[in-house]
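To keep things clear, I will list the structure first and then write my remarks on it.
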Amino acid sequence: MQISKHKVASIHYTLTDNSGKVLDSSEGRDPLIYIQGIGNLIPGMEEGLEGKQKGDKLNLKVSPEKGYGAKDPNMVQRVPRSAFGNAEVKKGMQFHTDHGQVVTVTEVGLSEVTVDANHPLAGVELNFAVEVVSVREATPEELDHGHVHGPGGHHH
Ligand code: ZN
């Protein structure tokens, strides 16, 4: 069975940036399980996996446009150091804003802190090494919910 729209696929993957640094990996964990064709994964992954079947191994290069988007300069902001109160603020730290957004500290000055609300992988070219572990039909209930049920998926 090939991966196509509304199939449930489980995959092992390792994600690296262009310098070869590992950003994320399913190694040592359960495979990632998802429904093809409904936006569970970034578009570049879905496109690359279309038509693949159990046992296939592939390397996918995904541009930011088909990944987490380009970096939006408007989402980089300077805020007064005092906005963090007495909390220690260091480059690389992440905070949740009142709006549920995640911002990353990119620069710490004496009076100002620069925070970036872009997705950490925005603007990054992604290299995925993928192995297809299994492919099956999605159940009507899974399609209705938009996510996978059972092992590796939702339990409810
Ligand atoms: Zn559900």
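By convention in this document, the chains of the structure tokens carry letters A, B, ... by their order, each chain's residues are numbered from 1, and ligands are numbered from 1 in the order they are shown.
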
TODO: Quick one: everything within 8 Å of Thr104 of chain A, counting only C-alpha atoms, minus sequence neighbours fewer than 3 positions away in the same chain. Send it as a list of chain:residue names.
DONE: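 The neighbour list is A:Lys91, A:Gly92, A:Met93, A:Gln94, A:Phe95, A:Val115, A:Asp116, A:Ala117, A:Pro120.
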
Open item on the list: 8 Å from ligand 1 is the threshold here; counting only C-alpha atoms and all ligand atoms, which polymer residues fall inside it? Answer as a ChimeraX atom specification.
Closed with: /A:141-142,144-149,154-156

TODO: For Leu58 of chain A, list every protein, DNA or RNA residue within 7 Å, evaluated using only C-alpha atoms, and leave out those in the same chain fewer than 2 positions away; present the list as a PyMOL selection string.
DONE: chain A and resi 56+60+129-131

Please produce a file of the residues just selected, as an mmCIF file, in the first residue's frame, where the atoms kept are N, CA and C atoms.
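Output contents, as saved in part_20.cif:
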data_model
loop_
_atom_site.group_PDB
_atom_site.id
_atom_site.type_symbol
_atom_site.label_atom_id
_atom_site.label_comp_id
_atom_site.auth_asym_id
_atom_site.auth_seq_id
_atom_site.Cartn_x
_atom_site.Cartn_y
_atom_site.Cartn_z
ATOM 1 N N ASP A 56 10.402 1.871 2.425
ATOM 2 C CA ASP A 56 11.104 2.883 1.617
ATOM 3 C C ASP A 56 11.922 3.799 2.520
ATOM 4 N N LEU A 60 14.833 13.845 2.058
ATOM 5 C CA LEU A 60 14.016 14.951 1.563
ATOM 6 C C LEU A 60 14.651 16.267 1.944
ATOM 7 N N ALA A 129 15.877 12.609 6.759
ATOM 8 C CA ALA A 129 16.127 11.220 6.382
ATOM 9 C C ALA A 129 14.936 10.436 6.926
ATOM 10 N N VAL A 130 14.190 9.816 6.029
ATOM 11 C CA VAL A 130 12.926 9.203 6.431
ATOM 12 C C VAL A 130 12.899 7.720 6.089
ATOM 13 N N GLU A 131 12.297 6.924 6.970
ATOM 14 C CA GLU A 131 12.015 5.529 6.649
ATOM 15 C C GLU A 131 10.540 5.270 6.919
#

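Between Lys57 of chain A and the candidates A:Val108, A:Met45, A:Ala87, A:Val133, the tightest atom-to-atom separation, counting only C-alpha atoms, involves A:Val133.
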
TODO: Per DSSP on the backbone, filter segment 18-110 of chain A down to the residues in strand (DSSP E) and report them as a list in words.
DONE: Val22, Leu23, Asp24, Ser25, Leu32, Ile33, Tyr34, Ile35, Lys57, Leu58, Asn59, Leu60, Lys61, Val62, Val76, Gln77, Arg78, Val79, Pro80, Gln94, Phe95, His96, Val102, Val103, Thr104, Val105, Thr106, Glu107 and Val108 of chain A

Write out, as a JSON list (two decimals), in the first residue's frame, the residues just selected, with C-alpha atoms.
[["chain", "number", "residue", "atom", "x", "y", "z"],
["A", 22, "VAL", "CA", 20.48, 17.09, 14.20],
["A", 23, "LEU", "CA", 17.45, 19.24, 15.06],
["A", 24, "ASP", "CA", 14.96, 16.50, 15.74],
["A", 25, "SER", "CA", 14.74, 12.74, 15.43],
["A", 32, "LEU", "CA", 5.75, 9.47, 14.01],
["A", 33, "ILE", "CA", 2.26, 8.53, 12.90],
["A", 34, "TYR", "CA", 0.08, 10.84, 10.82],
["A", 35, "ILE", "CA", -2.70, 11.09, 8.25],
["A", 57, "LYS", "CA", 13.97, 5.09, 2.74],
["A", 58, "LEU", "CA", 14.39, 8.57, 1.37],
["A", 59, "ASN", "CA", 16.15, 11.85, 1.88],
["A", 60, "LEU", "CA", 14.02, 14.95, 1.56],
["A", 61, "LYS", "CA", 15.25, 18.48, 1.23],
["A", 62, "VAL", "CA", 12.50, 20.89, 2.21],
["A", 76, "VAL", "CA", 11.25, 40.17, 15.76],
["A", 77, "GLN", "CA", 10.79, 42.77, 18.46],
["A", 78, "ARG", "CA", 12.76, 44.69, 21.03],
["A", 79, "VAL", "CA", 11.23, 44.90, 24.45],
["A", 80, "PRO", "CA", 12.47, 46.70, 27.56],
["A", 94, "GLN", "CA", 12.05, 30.73, 25.29],
["A", 95, "PHE", "CA", 9.02, 32.37, 26.85],
["A", 96, "HIS", "CA", 5.29, 32.00, 26.41],
["A", 102, "VAL", "CA", 6.40, 31.17, 21.98],
["A", 103, "VAL", "CA", 9.16, 33.73, 21.64],
["A", 104, "THR", "CA", 12.89, 33.08, 21.64],
["A", 105, "VAL", "CA", 15.38, 35.54, 23.06],
["A", 106, "THR", "CA", 17.91, 36.32, 20.33],
["A", 107, "GLU", "CA", 19.82, 39.19, 21.90],
["A", 108, "VAL", "CA", 20.19, 40.61, 25.39]]

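Going from atom CA of Glu112 of chain A over to atom CA of His99 of chain A, you cover 20.8 Å.
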
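Rounded to one decimal, atom CA of Leu41 of chain A and atom CA of Asp72 of chain A lie 20.9 Å from each other.
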
Task: Gap from atom CA of Gly51 of chain A to atom CA of Asn18 of chain A - Å, one decimal - done: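 For atom CA of Gly51 of chain A relative to atom CA of Asn18 of chain A, the distance reads 26.0 Å.
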
TODO: With a distance cut-off of 10 Å and only C-alpha atoms, select the neighbouring residues of Ile42 of chain A, excluding the residue or stretch itself and same-chain residues fewer than 3 positions from it, and output the selection as a list of chain:residue names.
DONE: A:Gly39, A:Met45, A:Glu46, A:Glu47, A:Val62, A:Pro64, A:Glu65, A:Lys66, A:Gly67, A:Tyr68, A:Gly69

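Minimum atom-to-atom distance to Glu125 of chain A, evaluated using only C-alpha atoms, belongs to A:Ser63 out of A:Asn40, A:Ser63, A:Tyr13, A:Val8.
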
TODO: Excluding Lys7 of chain A and any residue of its chain fewer than 5 positions from it, enumerate the residues within 6 Å of it, using only C-alpha atoms, and give them as an MDAnalysis selection string.
DONE: chainID A and resid 35:36 136:138

Task: Exercise: Met1 of chain A partners within 8 Å, only C-alpha atoms, chain neighbours under 4 positions left out, as a list in words - done: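 Non-adjacent residues within range: Gln53, Lys54, Val135 and Arg136 of chain A.
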
Atoms to include: C-alpha atoms. Write the selected residues as a short mmCIF file (atom, residue, chain, number, x, y, z; two decimals), in the first residue's frame.
data_model
loop_
_atom_site.label_atom_id
_atom_site.label_comp_id
_atom_site.auth_asym_id
_atom_site.auth_seq_id
_atom_site.Cartn_x
_atom_site.Cartn_y
_atom_site.Cartn_z
CA GLN A 53 5.46 2.47 0.81
CA LYS A 54 6.56 0.38 3.79
CA VAL A 135 0.97 2.38 5.84
CA ARG A 136 -2.73 1.64 6.40
#

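Assigned to alpha helix (DSSP H) in chain A, given DSSP computed from backbone atoms, are Pro43, Gly44, Met45, Glu46, Glu47, Gly48, Leu49, Pro140, Glu141, Glu142, Leu143, Asp144 and His145 of chain A.
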
Open item on the list: Please determine, counting only C-alpha atoms, which residue among A:Ser134, A:Gly123, A:Gly100, A:Phe84 has the shortest atom-to-atom distance to His12 of chain A.
Closed with: A:Ser134

- [ ] Between A:Met75, A:Asp17, A:Pro31, A:Pro43, single out the one closest to Pro151 of chain A, counting only C-alpha atoms.
- [x]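 The closest residue to Pro151 of chain A is A:Pro31.
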
TODO: Select, from A:Ser82, A:Asn74, A:Thr97, A:Ser10, the residue with the minimum atom-to-atom distance to Gly109 of chain A, counting only C-alpha atoms.
DONE: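 Of the candidates, the smallest distance to Gly109 of chain A is held by A:Ser82.
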